[in-house]
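Below is one structure, written out as structure tokens; comments come after it.
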Amino acid sequence: MKRGGVIWSWIWTILGILYFFLPLLATFMFSLRAKLGVLSFKAYENVFIDPQFITSFSASFIWAIFTIIVGVLIFVPTAYWVRLRVPQFRAPVEFITLLPFVIPAIVYVFGLVRTYSQPPLLIVDSPALLVAGYAVLSMPYMYRAVDTGLRSIDVQTLTEAAQSLGASWGTVLFRIILPNIRIAILSGAFLSFAIVMGEYVLAQYLAKPAFAPYLSLLIQNKAYEPAALSVLSFALTWACLGIIQIVGRGQQGQFAGGH
Amino acid sequence: MAYLTLSNVSKQFADSYAVQDFNLDVDKGEFVSFLGPSGCGKTTTLRMIAGFEIPTDGKITLGGRDITNDPPNQRNVGMVFQAYALFPNMTVTQNIGFGLRVRKEKESDVKDRVKEMINLISLEKHANKYPYQLSGGQQQRVSLARALAIRPNVLLLDEPLSALDAKIRVSLRAEIRAIQKRLGITAVFVTHDQEEALSISDRIVVMYEGKVEQVGTPFEIYNFPKTQFVANFVGSLNTAVAEITDPEKGLLSMDGVQFIAAEKMDGLKKGDKVRIAIRPERFSFASEQKKANVVDCTIENITFLGSVVRIQVLIGNTKFNMDTFNNPFLELPKIGDKTQVTFSRQAVLILSPA
């Protein structure tokens with residue numbers, strides 16, 4: 001690359017970093033100014049001693065765990081079956097998995113409320129509806145992560161090899177397919193976790209305790225604590241992405257060399 | 001009674017038949033190869049035996065039991081795949097023991113059997129390695145051991161050597177054959193490589209466009225091909241059109257060159273044109289050894305192929321290839337030389353009316 005090109009690359013990189021990190025740095029600095037005249041973690045302290053924070057955070061955490069379980073149970077067998085038996089349906093299924101990107105969450109939540117607030121399925125108050133809603137919202141991430149994992153192994157041959165050795169469908173799925181795509185599932189799981197922890201619309205309109213509505217409420221009433229919570233949210237998301245990277249790195253060689 | 005029987009087996013995909021009216025009896029302990037070009041239905045037939053495809057018509061029995069519609073995991077067949085298909089998350093030991101553990105065999109029995117199989121394939125030093133840490137040949141040996149560990153009723157091998165380099169391919173096919181003989185297991189081997197099929201099999205099933213062309217021992221298939229496809233596909237072959245001049249005596253004429261064939265010419269009469277075939281190695285120079293047919297020829301081309309030298313000769317107006325073994329004292333003619341070649345009457349195969 002020419003010297004001029006290298007310089008421009010660096011300029012754009014630095015501009016990009018500034019664009020993304022300056023607001024975050026400003027938020028972080030602001031969150032440290034809860035005490036007049038000194039920099040402190042007072043705002044963070046206030047957040048952690050607030051019982052509502054514990055309630056909303058742990059609620060979102062639980063919703064996220066259930067969402068991941070539901071997502072894995074639905075999308076792993078679906079992606080596996082589509083790849084193995086009905087590859088002609090891959091395009092329509094992929095299109096369906098992308099719908100949460102094009103249908104606004106507010107439209108979706110009103111659809112849920114309208115459909116499930118009347119008999120025969122009066123479950124609008126049930127946490128199950130919230131988890132189901134989250135599972136749909138995280139579908140693009142979970143499905144595509146799993147599908148990418150399945151693409152890295154020879155699904156059909158491994159399935160047939162296991163079957164010829166006497167394995168049932170359950171054994172094939174749980175002892176052969178799942179262990180070989182666990183990194184992909186972990187990626188999908190952490191992305192789903194991050195989505196649920198930051199999701200506002202569904203929890204707000206289904207009136208369930210969650211982290212994002214709590215953050216919104218805090219913004220309306222306090223100054224420094226919302227900034228502290230925003231920084232914590234970013235840290236949580238980055239921690240999830242970091243874990244995906246760390247766990248994924250150890251497995252790459254194994255699968256690349258396995259074929 | 002045959003151990004593995006395929007009776008009138010057909011498989012249809014959409015509008016076309018991948019396999020049509022396939023019949024075969026395989027004896028216990030026999031090694032049978034399905035040989036044919038890509039798309040001839042050999043793998044589909046193997047997959048029907050394995051249970052991965054269900055026949056559209058026909059019946060498959062194994063050890064007297066009708067397995068036509070049984071799912072693959074209830075057939076007790078061992079399968080070795082072209083792509084090895086070792087489970088990447090398991091070590092060599094775990095891969096080999098997988099089928100036994102699925103069958104819930106006693107852990108001590110599993111360990112003994114796995115050890116026995118690892119010894120059989122001589123991979124003792126690699127027992128705790130993962131597939132990605134092994135070479136292609138080693139992976140395929142593990143795949144073979146895994147398939148054999150479950151004591152299958154029949155061993156199915158789907159082009160297991162295709163992904164390997166030439167030297168490994170030759171040594172592994174000898175190893176497969178030796179293990180199959182030692183264990184006395186019935187085996188069905190799919191390949192498009194004629195040399196592989198000829199060297200390893202008790203019998204060969206030559207397939208073309210979903211149908212069986214010929215079933216026979218390697219010797220029969222090579223020396224007495226029954227159809228033009230078999231003659232062309234197995235080994236090198238010179239073909240030409242000749243006219244029958246005396247069907248009683250087996251006399252033929254090609255571009256005015258007279259020669260004699262041993263094959264019966266039932267139903268053919270003088271003046272009929274037939275397609276004849278002669279294998280390159282059936283020719284020799286007339287000076288070396290005189291056979292029933294001695295014909296004039298011109299040397300057209302000479303190609304050195306290592307152990308064999310291929311000489312192209314013009315007999316009448318038709319070019320024939322002649323193979324002769326290479327040796328350091330071989331005296332070869334020059335291109336353009338006029339000489340004589342000889343071949344036996346049995347060397348002339350009459351394939352079909354031209």
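Ordering of the structure tokens sets the chain letters (A, B, ...); residue numbers start at 1 within each chain; ligands are numbered from 1 in the order shown.
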>> With only C-alpha atoms considered, list every residue of chain B at most 10 Å from chain A, as a ChimeraX atom specification.
In response: /B:47,50-52,71-90,95-103,130-136,139,143,146-150,152,156
>> I want to know what sits within 9 Å of stretch 192-195 of chain A, based on only C-alpha atoms, with residues of the same chain fewer than 3 positions away left out; could you give that as a list in words?
In response: Phe61, Trp63, Ala64, Ile65, Thr67, Ile68, Gly71, Tyr134, Ala135, Leu137, Ser138, Met139, Tyr141, Met142, Ser187, Gly188, Ala189, Gly198, Glu199, Ser233, Leu236, Thr237, Trp238, Cys240 and Leu241 of chain A
>> From the options B:Leu144, B:Val206, B:Val212, B:Ala292, which residue's atoms come nearest to B:Asn8, counting only C-alpha atoms?
In response: B:Val212
> Would you give me, as a PyMOL selection string, the residues in stretch 11-237 of chain A that DSSP reads as alpha helix (DSSP H)?
Replying inline: chain A and resi 11-31+42-49+51-84+90-97+99-102+105-116+127-137+139-151+155-164+169-171+178-180+182-198+201-205+211-221+224-237
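In the backbone-derived DSSP annotation, strand (DSSP E) within stretch 23-78 of chain B comprises Asn23, Leu24, Asp25, Val26, Phe31, Val32, Ser33, Phe34, Leu35, Asp57, Gly58, Lys59, Ile60, Thr61, Leu62, Arg65, Asp66, Val77 and Gly78 of chain B.
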>> When you look at B:Ala240 with a cut-off of 12 Å (counting only C-alpha atoms), what residues show up, excluding the ones that are within fewer than 4 positions of it in the same chain? I need them as a list in words.
In response: Gln228, Leu252, Ser253, Met254, Asp255, Lys273, Val274, Arg275, Ile276, Ala277, Ile278, Arg279, Leu314, Ile315, Gly316, Asn317, Thr318, Lys319, Phe320, Asn321, Val348, Leu349, Ile350, Leu351, Ser352, Pro353 and Ala354 of chain B
> Contacts of stretch 204-210 of chain A at 12 Å or less, counting only C-alpha atoms, minus same-chain residues fewer than 2 places along, as a PyMOL selection string?
Replying inline: chain A and resi 52-64+105-114+116-117+123-134+196-202+212-217
> Quick one: residues within 12 Å of B:Ile168, only C-alpha atoms counted, chain neighbours fewer than 6 positions away excluded, as JSON, numbers by chain?
Replying inline: {"B": [135, 136, 137, 138, 139, 140, 141, 160, 161, 162, 174, 175, 176]}
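Separating atom CA of A:Leu84 from atom CA of B:Ile54 is a distance of 16.4 Å.
Residues in contact with stretch 29-38 of chain A at up to 10 Å, not including ones fewer than 3 positions away on its chain and judged by only C-alpha atoms, are Pro23, Leu24, Leu25, Ala26, Phe41, Lys42, Ala43, Tyr44, Asn46, Ala223, Tyr224, Glu225, Pro226, Ala227, Ala228, Leu229, Ser230 and Val231 of chain A.
Across the structure, atom CA of B:Gly29 and atom CA of B:Leu183 are spaced 8.4 Å apart.
Considering only C-alpha atoms, the residue among B:Ala14, B:Ile299, B:Leu164, B:Val234 positioned nearest to B:Asp193 is B:Val234.
Between atom CA of B:Lys264 and atom CA of B:Asn223 there is a distance of 15.6 Å.
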